[in-house]
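**Student:** Just one file: run12.cif, with mmCIF, C-alpha atoms.
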data_run
loop_
_atom_site.label_atom_id
_atom_site.label_comp_id
_atom_site.auth_asym_id
_atom_site.auth_seq_id
_atom_site.Cartn_x
_atom_site.Cartn_y
_atom_site.Cartn_z
CA MET A 47 0.00 0.00 0.00
CA THR A 48 1.48 3.24 -1.01
CA GLU A 49 1.45 6.26 1.23
CA PRO A 50 -0.05 9.31 -0.32
CA THR A 51 2.56 11.88 -1.22
CA ILE A 52 1.74 13.95 1.76
CA SER A 53 3.29 16.62 3.76
CA SER A 54 0.28 16.70 6.00
CA ARG A 55 1.89 14.56 8.62
CA ARG A 56 3.74 17.70 9.48
CA ALA A 57 1.32 19.94 11.25
CA GLY A 58 0.57 23.61 11.47
CA MET A 59 2.69 26.21 9.76
CA ASP A 60 4.16 23.95 7.16
CA ARG A 61 1.11 22.04 6.11
CA TYR A 62 1.79 22.86 2.50
CA GLY A 63 5.16 21.23 2.58
CA PHE A 64 7.49 24.06 3.34
CA ALA A 65 9.42 22.56 6.22
CA SER A 66 11.95 21.14 3.85
CA ALA A 67 13.64 22.69 0.91
CA ALA A 68 12.81 19.65 -1.16
CA PRO A 69 11.26 20.47 -4.51
CA ARG A 70 7.58 19.85 -4.60
CA PRO A 71 6.49 16.90 -6.66
CA GLU A 72 3.52 18.54 -8.33
CA GLY A 73 3.66 18.47 -12.06
CA LEU A 74 3.15 21.45 -14.24
CA ALA A 75 -0.15 20.09 -15.48
CA ASP A 76 -1.53 19.81 -11.96
CA ILE A 77 -0.50 23.35 -11.17
CA LEU A 78 -1.84 24.81 -14.41
CA GLU A 79 -5.08 22.94 -14.03
CA ARG A 80 -5.57 24.86 -10.81
CA VAL A 81 -4.01 28.26 -11.31
CA LEU A 82 -5.68 28.74 -14.68
CA ASP A 83 -9.06 27.11 -14.37
CA LYS A 84 -9.78 27.48 -10.71
CA GLY A 85 -9.40 29.97 -7.91
CA ILE A 86 -11.13 33.31 -7.55
CA ILE A 87 -11.75 34.44 -11.07
CA ILE A 88 -12.41 38.14 -11.25
CA ALA A 89 -11.48 40.61 -13.89
CA GLY A 90 -8.35 42.58 -13.31
CA ASP A 91 -7.50 45.88 -14.94
CA ILE A 92 -5.16 44.07 -17.24
CA ARG A 93 -7.52 42.15 -19.44
CA VAL A 94 -6.32 39.06 -21.16
CA ASN A 95 -8.90 36.51 -22.09
CA LEU A 96 -7.17 33.27 -21.22
CA LEU A 97 -9.58 31.47 -23.49
CA ASP A 98 -7.99 33.24 -26.42
CA ILE A 99 -4.63 31.80 -25.60
CA GLU A 100 -4.27 28.71 -27.67
CA LEU A 101 -1.43 27.32 -25.60
CA LEU A 102 -3.48 27.43 -22.46
CA THR A 103 -6.75 26.11 -23.71
CA VAL A 104 -5.70 23.34 -25.97
CA LYS A 105 -2.08 22.47 -25.96
CA ILE A 106 -1.29 22.66 -22.30
CA ARG A 107 -3.59 19.77 -21.60
CA LEU A 108 -1.41 17.60 -23.77
CA LEU A 109 1.89 18.67 -22.38
CA VAL A 110 4.02 16.40 -20.34
CA VAL A 111 4.31 16.55 -16.56
CA SER A 112 6.97 19.18 -16.60
CA VAL A 113 9.12 20.73 -19.20
CA ASP A 114 12.28 19.35 -17.63
CA LYS A 115 10.91 15.88 -17.30
CA ALA A 116 9.61 15.98 -20.83
CA MET A 117 13.01 16.99 -22.11
CA GLU A 118 14.56 14.19 -20.11
CA MET A 119 12.14 11.80 -21.71
CA GLY A 120 13.09 13.15 -25.10
CA ILE A 121 9.69 14.69 -25.67
CA ASP A 122 10.22 18.14 -27.02
CA TRP A 123 7.77 18.46 -29.85
CA TRP A 124 6.45 21.79 -28.63
CA THR A 125 9.85 23.40 -29.04
CA ARG A 126 9.28 22.88 -32.74
CA ASP A 127 5.70 24.01 -32.60
CA PRO A 128 5.55 27.58 -33.87
CA MET A 129 2.46 28.14 -31.74
CA LEU A 130 4.34 27.22 -28.62
CA SER A 131 7.91 28.23 -29.11
CA GLY A 132 7.35 31.39 -31.10
CA ASP A 133 9.82 30.05 -33.63
CA GLU A 134 8.70 29.68 -37.19
CA GLN A 135 9.65 26.04 -37.60
CA GLU A 136 8.11 24.05 -40.35
CA LEU A 137 5.04 22.17 -39.30
CA ALA A 138 5.92 19.44 -41.73
CA ASP A 139 8.90 18.53 -39.65
CA GLU A 140 6.79 18.34 -36.55
CA ASN A 141 4.15 16.30 -38.28
CA ARG A 142 6.74 13.84 -39.41
CA LYS A 143 7.99 13.50 -35.85
CA LEU A 144 4.50 13.00 -34.52
CA ARG A 145 3.78 10.37 -37.13
CA GLU A 146 6.94 8.54 -36.14
CA ARG A 147 5.96 8.80 -32.52
CA ILE A 148 2.50 7.42 -33.19
CA LYS A 149 3.97 4.52 -35.10
CA GLU A 150 6.30 3.89 -32.20
CA LEU A 151 3.45 3.98 -29.69
CA GLU A 152 1.33 1.72 -31.82
CA SER A 153 4.05 -0.86 -32.11
CA ASP A 154 4.69 -0.56 -28.37
CA SER A 155 1.15 -1.41 -27.47
CA GLY A 156 0.96 -3.78 -30.43
CA MET B 267 10.19 49.96 -13.94
CA ALA B 268 8.25 52.36 -16.07
CA GLU B 269 4.63 51.40 -15.59
CA THR B 270 3.67 48.98 -12.86
CA GLY B 271 0.66 47.00 -11.76
CA THR B 272 -0.47 45.19 -8.64
CA TYR B 273 -0.55 41.41 -9.07
CA VAL B 274 -2.95 39.68 -6.67
CA TYR B 275 -2.13 36.09 -5.62
CA ALA B 276 -4.76 35.51 -3.01
CA VAL B 277 -6.95 36.99 -0.32
CA GLY B 278 -6.99 35.60 3.18
CA ARG B 279 -7.49 36.33 6.82
CA HIS B 280 -4.87 36.91 9.50
CA LEU B 281 -1.88 37.06 7.21
CA ASP B 282 1.40 38.28 8.61
CA GLU B 283 3.21 40.47 6.12
CA GLU B 284 6.57 39.83 7.75
CA VAL B 285 6.47 36.13 7.03
CA LEU B 286 5.63 36.77 3.38
CA SER B 287 7.89 39.70 2.64
CA SER B 288 10.95 37.47 2.30
CA LEU B 289 9.28 35.88 -0.72
CA GLU B 290 9.93 36.78 -4.29
CA GLY B 291 6.90 37.38 -6.48
CA VAL B 292 6.26 36.56 -10.13
CA GLY B 293 8.23 39.43 -11.58
CA GLY B 294 11.11 39.07 -9.16
CA THR B 295 9.90 41.82 -6.83
CA PRO B 296 9.09 41.13 -3.17
CA VAL B 297 5.68 39.94 -2.04
CA ARG B 298 3.64 42.44 -0.01
CA THR B 299 0.22 42.55 1.55
CA ILE B 300 -2.64 45.02 1.30
CA GLY B 301 -5.07 45.11 4.19
CA HIS B 302 -8.74 45.75 3.69
CA ARG B 303 -11.13 45.40 6.64
CA ASP B 304 -10.41 41.95 8.07
CA LEU B 305 -9.02 40.66 4.78
CA THR B 306 -5.48 40.70 3.52
CA ALA B 307 -4.52 40.55 -0.13
CA VAL B 308 -1.19 38.96 -1.02
CA VAL B 309 0.29 41.01 -3.85
CA SER B 310 3.46 42.09 -5.58
CA THR B 311 4.32 44.89 -7.93
CA VAL B 312 4.84 43.84 -11.53
CA ASP B 313 6.32 45.61 -14.49
CA LEU B 314 3.73 46.11 -17.20
CA GLU B 315 6.44 45.65 -19.79
CA GLU B 316 6.19 41.98 -18.83
CA PHE B 317 2.65 41.84 -17.41
CA GLY B 318 0.77 44.38 -19.51
CA GLU B 319 -1.96 43.25 -21.89
CA SER B 320 0.05 42.85 -25.06
CA ALA B 321 3.07 41.44 -23.23
CA LEU B 322 0.89 38.88 -21.50
CA ARG B 323 -0.73 37.81 -24.71
CA GLU B 324 2.71 37.00 -26.01
CA ASN B 325 4.17 35.56 -22.81
CA LEU B 326 1.24 33.25 -22.22
CA GLU B 327 2.04 31.51 -25.49
CA ASN B 328 5.51 30.71 -24.23
CA LEU B 329 5.54 27.55 -22.19
CA GLY B 330 8.74 28.41 -20.35
CA TRP B 331 7.28 31.70 -19.18
CA VAL B 332 3.98 30.09 -18.23
CA GLU B 333 5.69 27.39 -16.20
CA LYS B 334 7.94 29.84 -14.38
CA THR B 335 5.06 32.17 -13.59
CA ALA B 336 2.63 29.42 -12.59
CA ARG B 337 5.15 27.80 -10.25
CA ARG B 338 6.02 31.10 -8.62
CA HIS B 339 2.32 31.98 -8.26
CA ASP B 340 1.67 28.58 -6.70
CA GLU B 341 4.57 28.90 -4.31
CA VAL B 342 3.46 32.31 -3.05
CA VAL B 343 -0.07 30.96 -2.60
CA ARG B 344 1.24 27.94 -0.69
CA ARG B 345 3.40 30.01 1.59
CA ALA B 346 0.49 32.27 2.37
CA ALA B 347 -1.89 29.33 2.84
CA ALA B 348 0.58 27.77 5.26
CA ILE B 349 0.32 30.67 7.71
CA THR B 350 -3.45 30.98 7.87
CA THR B 351 -6.49 28.75 7.94
CA ALA B 352 -8.40 30.51 5.19
CA LEU B 353 -6.86 31.63 1.95
CA ALA B 354 -8.60 32.04 -1.39
CA PRO B 355 -6.15 31.86 -4.31
CA PHE B 356 -6.79 34.10 -7.30
CA ARG B 357 -6.39 33.01 -10.85
CA LEU B 358 -3.02 33.45 -12.52
CA VAL B 359 -2.29 36.98 -13.79
CA THR B 360 -5.02 38.89 -11.96
CA ILE B 361 -3.51 42.37 -12.17
CA TYR B 362 -4.71 45.87 -11.21
CA ARG B 363 -3.43 49.30 -12.12
CA SER B 364 -2.64 50.12 -8.50
CA ASP B 365 -3.04 48.95 -4.91
CA ASP B 366 -6.08 51.20 -4.62
CA ALA B 367 -7.70 49.62 -7.65
CA ALA B 368 -7.11 46.16 -6.15
CA ARG B 369 -8.54 47.31 -2.83
CA ASP B 370 -11.63 48.73 -4.55
CA ARG B 371 -12.27 45.42 -6.26
CA ILE B 372 -11.90 43.54 -2.97
CA GLU B 373 -14.38 45.91 -1.33
CA GLU B 374 -16.78 45.37 -4.20
CA LEU B 375 -16.57 41.59 -3.74
CA TYR B 376 -16.17 41.65 0.02
CA ASP B 377 -19.29 39.67 0.93
CA ASP B 378 -18.64 37.00 -1.69
CA LEU B 379 -15.01 36.66 -0.66
CA VAL B 380 -16.06 36.18 2.96
CA VAL B 381 -18.45 33.41 1.92
CA ALA B 382 -15.70 31.76 -0.13
CA LEU B 383 -13.24 32.00 2.76
CA ASP B 384 -15.75 30.53 5.21
CA ARG B 385 -16.22 27.58 2.91
CA ILE B 386 -12.52 26.73 2.77
CA ASP B 387 -11.56 27.65 6.30
CA ARG B 388 -9.50 24.86 7.93
CA ARG B 389 -9.80 22.75 4.82
CA SER B 390 -7.34 21.68 2.13
CA GLU B 391 -7.60 20.28 -1.32
CA TRP B 392 -6.48 16.73 -2.13
CA SER B 393 -6.09 15.48 -5.64
CA VAL B 394 -7.06 11.89 -6.40
CA LYS B 395 -6.09 10.36 -9.70
CA VAL B 396 -7.11 6.86 -10.60
CA TYR B 397 -5.28 4.88 -13.25
CA SER B 398 -6.59 1.73 -14.87
CA GLN B 399 -4.33 -1.02 -15.95
CA ALA B 400 -4.48 -1.19 -19.71
CA PRO B 401 -7.25 -3.69 -20.46
CA SER B 402 -5.61 -7.01 -21.07
CA LYS B 403 -5.86 -8.35 -24.56
CA PRO B 404 -8.55 -10.96 -24.86
CA ALA B 405 -7.08 -14.23 -26.00
CA ALA B 406 -7.46 -14.43 -29.73
CA PRO B 407 -10.08 -17.02 -30.46
CA VAL B 408 -8.64 -19.78 -32.55
CA THR B 409 -11.09 -20.18 -35.37
CA GLU B 410 -11.05 -22.37 -38.35
CA GLY B 411 -10.00 -20.63 -41.47
CA SER B 412 -8.65 -17.68 -39.56
CA SER B 413 -6.57 -16.83 -42.53
CA SER B 414 -9.59 -15.72 -44.52
CA GLY B 415 -10.35 -12.02 -44.78
CA VAL B 416 -13.81 -12.37 -43.29
CA ALA B 417 -12.53 -14.21 -40.27
CA TYR B 418 -9.86 -11.64 -39.80
CA LEU B 419 -12.37 -8.80 -39.84
CA GLU B 420 -14.61 -10.61 -37.42
CA ARG B 421 -11.72 -11.17 -35.08
CA ARG B 422 -10.76 -7.50 -35.30
CA ARG B 423 -14.30 -6.42 -34.54
CA ALA B 424 -14.52 -8.71 -31.55
CA GLU B 425 -11.23 -7.37 -30.28
CA ILE B 426 -12.39 -3.77 -30.60
CA ARG B 427 -15.72 -4.54 -28.97
CA GLY B 428 -13.93 -6.29 -26.14
CA ARG B 429 -11.63 -3.37 -25.59
CA GLN B 430 -14.50 -0.87 -25.66
CA ALA B 431 -16.44 -2.92 -23.15
CA ALA B 432 -13.41 -3.16 -20.88
CA THR B 433 -12.88 0.60 -21.05
CA MET B 434 -16.51 1.23 -20.23
CA ASP B 435 -16.37 -1.16 -17.31
CA GLN B 436 -13.31 0.63 -15.97
CA GLN B 437 -15.03 3.97 -16.36
CA MET B 438 -18.09 2.83 -14.47
CA LEU B 439 -15.92 1.38 -11.77
CA ALA B 440 -13.98 4.63 -11.50
CA ASP B 441 -17.26 6.54 -11.13
CA GLN B 442 -18.26 4.20 -8.36
CA LEU B 443 -14.92 4.74 -6.65
CA PHE B 444 -15.45 8.49 -6.88
CA TRP B 445 -18.79 8.24 -5.12
CA ASP B 446 -17.23 6.05 -2.44
CA LEU B 447 -14.79 8.87 -1.69
CA VAL B 448 -17.41 11.61 -1.54
CA PRO B 449 -18.47 11.00 2.09
CA GLY B 450 -14.89 11.66 3.19
CA ALA B 451 -14.87 15.20 1.87
CA ALA B 452 -16.64 18.48 2.47
CA ALA B 453 -16.85 19.16 -1.26
CA THR B 454 -15.56 17.68 -4.46
CA ARG B 455 -14.96 18.52 -8.08
CA ARG B 456 -14.07 16.44 -11.05
CA LEU B 457 -11.37 17.58 -13.43
CA ALA B 458 -10.78 16.31 -16.92
CA PRO B 459 -8.65 13.15 -16.90
CA GLN B 460 -5.19 14.00 -18.19
CA ASP B 461 -3.79 12.73 -21.42
CA GLN B 462 -1.25 9.94 -21.24
CA ARG B 463 1.39 12.23 -22.67
CA LEU B 464 0.79 14.47 -19.71
CA THR B 465 0.97 11.83 -17.06
CA GLY B 466 3.83 9.98 -18.66
CA ARG B 467 2.12 6.74 -17.71
CA ARG B 468 0.96 3.92 -19.91
CA GLU B 469 -2.18 3.38 -17.90
CA THR B 470 -5.25 5.40 -18.70
CA MET B 471 -6.36 7.98 -16.19
CA SER B 472 -9.92 7.01 -15.41
CA LEU B 473 -10.58 9.60 -12.77
CA ASN B 474 -9.13 12.99 -11.98
CA ALA B 475 -10.99 14.36 -9.00
CA THR B 476 -10.23 16.77 -6.25
CA PHE B 477 -11.59 16.84 -2.74
CA LEU B 478 -11.93 19.54 -0.13
CA VAL B 479 -11.14 17.81 3.13
CA ASP B 480 -11.34 19.17 6.68
CA ASP B 481 -7.80 19.44 7.98
CA ASP B 482 -8.71 17.46 11.06
CA ARG B 483 -10.29 14.72 8.98
CA SER B 484 -7.45 14.17 6.53
CA THR B 485 -6.33 10.98 8.29
CA ASP B 486 -9.83 9.53 7.88
CA PHE B 487 -9.71 10.47 4.23
CA PHE B 488 -6.44 8.58 3.70
CA GLN B 489 -7.89 5.60 5.51
CA LEU B 490 -10.85 5.66 3.18
CA VAL B 491 -8.48 5.81 0.20
CA ASP B 492 -6.55 2.82 1.53
CA GLU B 493 -9.76 0.87 2.00
CA LEU B 494 -10.70 1.61 -1.57
CA ARG B 495 -7.31 0.44 -2.79
CA GLY B 496 -8.26 -2.93 -1.39
CA ARG B 497 -11.74 -2.82 -2.83
CA TYR B 498 -10.63 -1.77 -6.33
CA PRO B 499 -7.52 -3.81 -7.05
CA SER B 500 -7.57 -3.05 -10.78
CA PHE B 501 -6.89 0.63 -10.08
CA ASP B 502 -3.84 2.51 -9.07
CA ILE B 503 -5.02 5.35 -6.82
CA GLU B 504 -2.70 8.32 -6.53
CA VAL B 505 -3.32 10.88 -3.80
CA ASN B 506 -1.53 14.18 -3.96
CA GLY B 507 -1.64 17.18 -1.68
CA PRO B 508 -2.43 19.07 0.33
CA TRP B 509 -3.10 21.84 -2.15
CA PRO B 510 -4.30 25.26 -1.17
CA PRO B 511 -8.02 25.06 -1.94
CA TYR B 512 -7.73 26.31 -5.52
CA SER B 513 -10.63 24.30 -6.86
CA PHE B 514 -12.97 25.38 -4.09
CA ALA B 515 -12.14 29.06 -3.81
CA VAL B 516 -14.90 30.16 -6.10
CA LEU B 517 -17.27 33.07 -6.05
CA GLU B 518 -20.97 32.33 -6.17
CA LYS B 519 -21.41 35.04 -8.75
CA PRO B 520 -18.50 36.22 -10.86
#
Represent the structure of the file as structure tokens.

**Tutor:**
Amino acid sequence: MTEPTISSRRAGMDRYGFASAAPRPEGLADILERVLDKGIIIAGDIRVNLLDIELLTVKIRLLVVSVDKAMEMGIDWWTRDPMLSGDEQELADENRKLRERIKELESDSG
Amino acid sequence: MAETGTYVYAVGRHLDEEVLSSLEGVGGTPVRTIGHRDLTAVVSTVDLEEFGESALRENLENLGWVEKTARRHDEVVRRAAAITTALAPFRLVTIYRSDDAARDRIEELYDDLVVALDRIDRRSEWSVKVYSQAPSKPAAPVTEGSSSGVAYLERRRAEIRGRQAATMDQQMLADQLFWDLVPGAAATRRLAPQDQRLTGRRETMSLNATFLVDDDRSTDFFQLVDELRGRYPSFDIEVNGPWPPYSFAVLEKP
């Protein structure tokens, strides 16, 4: 039986895991899911409709746990995605990579 | 800094500025607090060259910037949540022209914020993700003449049907598990299950739910989770937290 990844056994002041300097395990997706979609949502003076941001509404949900981890795992397709990296890289190249990846995944689960 | 704005991380009660002022905010400037009646807003000053409307539109398309900002936002929220019992996080990049403008908005929403804070007081958020083992491949039926095209197609169809049925069964089971957890929490919300590329796991995420649990009942909640691990052996149940109550700090009317 696995223990939940808790810091709650520590009480009081540090209930959100700040007793130690250890990096928190939460993945980027978990954080974004909360800081973007949830919380008190009221209009600020600076108005940016997050729903207009393609990265946030569509792509982020597909991104890997964290950028670092993704890089470690060799997943870096977004760095070639002009929408995500700001670089004008050819989509064809990315498509080819994705097709290769799909083939790989298909043969994996074959 | 030419033009600046006031970035609001959260609003809470009984927040001690001194504890928070050692923290660095999203733009690299120190975290401060603004008091209003019995509420305290956790804020920092940001440069509008980075956090103004057009800059944000650009920066939010840059994953590196988004990750850095989201993690910093989350850390400030956590630090603040750790020193009080009731803290309502604000959404990322909630920015006002000045402290006064932020204070005006808080006054405007005062009653709703108090209701939200009462709801999350002495409670934390726990994330529960449930993964299903990939449905095992049904043994290929050995049929006569399996080399024929028709037989092949039939076999394929049966395989697909089998897999669909297995997925549906897992989904129903995950729903049942969710409802079994509900009595352990004060409130709950379901989030969209994350894509496999996100989780980095081969198993499918069948449930992505989050629970608002009384701080003094968290042990009971874990016990319930452990019980369910026994009752649902085909699932891997991952509990993660405590989170500041992001998913439950909501205003009744926006």

**Student:** Would you please work out which residue, of B:Glu373, B:Tyr275, B:Arg363, B:Gln399, is nearest to Arg338 (chain B) when using only C-alpha atoms?

**Tutor:**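 That would be B:Tyr275, the residue with the smallest distance to Arg338 (chain B).
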
**Student:** Report, in Å with one decimal, the straight-line distance from CA of Asp282 (chain B) to CA of Lys84 (chain A).

**Tutor:**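 Pair CA of Asp282 (chain B) / CA of Lys84 (chain A) returns 24.8 Å.
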
**Student:** Calculate how many Å separate CA of Tyr512 (chain B) from CA of Val342 (chain B), rounding to one decimal.

**Tutor:**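 Distance between the two atoms: 12.9 Å.
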
**Student:** In file coordinates, which residues lie within 8 Å of (-3.5, 44.7, -18.1) using all atoms listed in the file, given as a PDB file with C-alpha atoms, in the frame of the given file?

**Tutor:**
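Once everything was written out, this is point_18.pdb:
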ATOM      1  CA  GLY A  90      -8.350  42.580 -13.310  1.00  0.00           C
ATOM      2  CA  ASP A  91      -7.500  45.880 -14.940  1.00  0.00           C
ATOM      3  CA  ILE A  92      -5.160  44.070 -17.240  1.00  0.00           C
ATOM      4  CA  ARG A  93      -7.520  42.150 -19.440  1.00  0.00           C
ATOM      5  CA  VAL A  94      -6.320  39.060 -21.160  1.00  0.00           C
TER       6      VAL A  94
ATOM      7  CA  GLY B 271       0.660  47.000 -11.760  1.00  0.00           C
ATOM      8  CA  LEU B 314       3.730  46.110 -17.200  1.00  0.00           C
ATOM      9  CA  PHE B 317       2.650  41.840 -17.410  1.00  0.00           C
ATOM     10  CA  GLY B 318       0.770  44.380 -19.510  1.00  0.00           C
ATOM     11  CA  GLU B 319      -1.960  43.250 -21.890  1.00  0.00           C
ATOM     12  CA  ILE B 361      -3.510  42.370 -12.170  1.00  0.00           C
ATOM     13  CA  TYR B 362      -4.710  45.870 -11.210  1.00  0.00           C
ATOM     14  CA  ARG B 363      -3.430  49.300 -12.120  1.00  0.00           C
TER      15      ARG B 363
END

**Student:** Once the PyMOL selection byres ((chain B) within 7 of (chain A)) has been evaluated on this model, what residues remain selected, and can you format them as a tab-separated table (two decimals) with C-alpha atoms, in the coordinates of the input?

**Tutor:**
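Saved to out23.tsv:
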chain	number	residue	atom	x	y	z
B	318	GLY	CA	0.77	44.38	-19.51
B	319	GLU	CA	-1.96	43.25	-21.89
B	323	ARG	CA	-0.73	37.81	-24.71
B	326	LEU	CA	1.24	33.25	-22.22
B	327	GLU	CA	2.04	31.51	-25.49
B	328	ASN	CA	5.51	30.71	-24.23
B	329	LEU	CA	5.54	27.55	-22.19
B	333	GLU	CA	5.69	27.39	-16.20
B	336	ALA	CA	2.63	29.42	-12.59
B	344	ARG	CA	1.24	27.94	-0.69
B	348	ALA	CA	0.58	27.77	5.26
B	349	ILE	CA	0.32	30.67	7.71
B	354	ALA	CA	-8.60	32.04	-1.39
B	355	PRO	CA	-6.15	31.86	-4.31
B	356	PHE	CA	-6.79	34.10	-7.30
B	357	ARG	CA	-6.39	33.01	-10.85
B	358	LEU	CA	-3.02	33.45	-12.52
B	360	THR	CA	-5.02	38.89	-11.96
B	361	ILE	CA	-3.51	42.37	-12.17
B	362	TYR	CA	-4.71	45.87	-11.21
B	363	ARG	CA	-3.43	49.30	-12.12
B	460	GLN	CA	-5.19	14.00	-18.19
B	461	ASP	CA	-3.79	12.73	-21.42
B	463	ARG	CA	1.39	12.23	-22.67
B	464	LEU	CA	0.79	14.47	-19.71
B	465	THR	CA	0.97	11.83	-17.06
B	466	GLY	CA	3.83	9.98	-18.66
B	504	GLU	CA	-2.70	8.32	-6.53
B	505	VAL	CA	-3.32	10.88	-3.80
B	506	ASN	CA	-1.53	14.18	-3.96
B	507	GLY	CA	-1.64	17.18	-1.68
B	508	PRO	CA	-2.43	19.07	0.33
B	509	TRP	CA	-3.10	21.84	-2.15
B	512	TYR	CA	-7.73	26.31	-5.52
B	513	SER	CA	-10.63	24.30	-6.86
B	514	PHE	CA	-12.97	25.38	-4.09
B	515	ALA	CA	-12.14	29.06	-3.81
B	516	VAL	CA	-14.90	30.16	-6.10
B	517	LEU	CA	-17.27	33.07	-6.05
B	520	PRO	CA	-18.50	36.22	-10.86

**Student:** Please write the residues picked by the PyMOL selection byres ((chain B and resi 286) around 10) on this file as an MDAnalysis selection string.

**Tutor:** chainID B and resid 281:285 287:291 296:299 308:309 342 345:346 349

**Student:** Near Met438 (chain B), counting all atoms listed in the file, which residues have an atom at most 12 Å away, once you skip same-chain residues fewer than 5 positions from it, shown as a PyMOL selection string?

**Tutor:** chain B and resi 398+431-433+443-445+472-473+498

**Student:** On this structure, which residues satisfy the PyMOL selection byres ((chain B and resi 453) around 6), written as a list in words?

**Tutor:**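 When the PyMOL selection byres ((chain B and resi 453) around 6) is applied to the shown file, the picked residues are Ala451, Ala452, Thr454, Phe477 and Leu478 of chain B.
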
**Student:** How many Å separate CA of Val396 (chain B) from CA of Gln430 (chain B)?

**Tutor:**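 Atom-to-atom, CA of Val396 (chain B) to CA of Gln430 (chain B), that is 18.5 Å.
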
**Student:** With only C-alpha atoms as the basis for distance, which of B:Gly294, B:Gly428, B:Pro459, B:Pro510 is at the shortest distance from Ala440 (chain B)?

**Tutor:**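 Nearest to Ala440 (chain B): B:Pro459.
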
**Student:** Select, counting only C-alpha atoms, all protein, DNA and RNA residues no farther than 12 Å from (-14.8, 43.8, 4.8) in file coordinates, and express the selection as a list in words.

**Tutor:** Val277, Gly278, Arg279, Gly301, His302, Arg303, Asp304, Leu305, Thr306, Ala307, Arg369, Asp370, Arg371, Ile372, Glu373, Glu374, Leu375, Tyr376, Asp377, Asp378, Leu379, Val380 and Val381 of chain B

**Student:** Which centre and which edge lengths, in Å to one decimal, describe the axis-aligned box that holds all listed atoms of region 429-437 of chain B after 8 Å is added on each side, as AutoDock Vina command-line options?

**Tutor:**
--center_x -14.1 --center_y 0.3 --center_z -20.8 --size_x 20.9 --size_y 23.3 --size_z 25.7
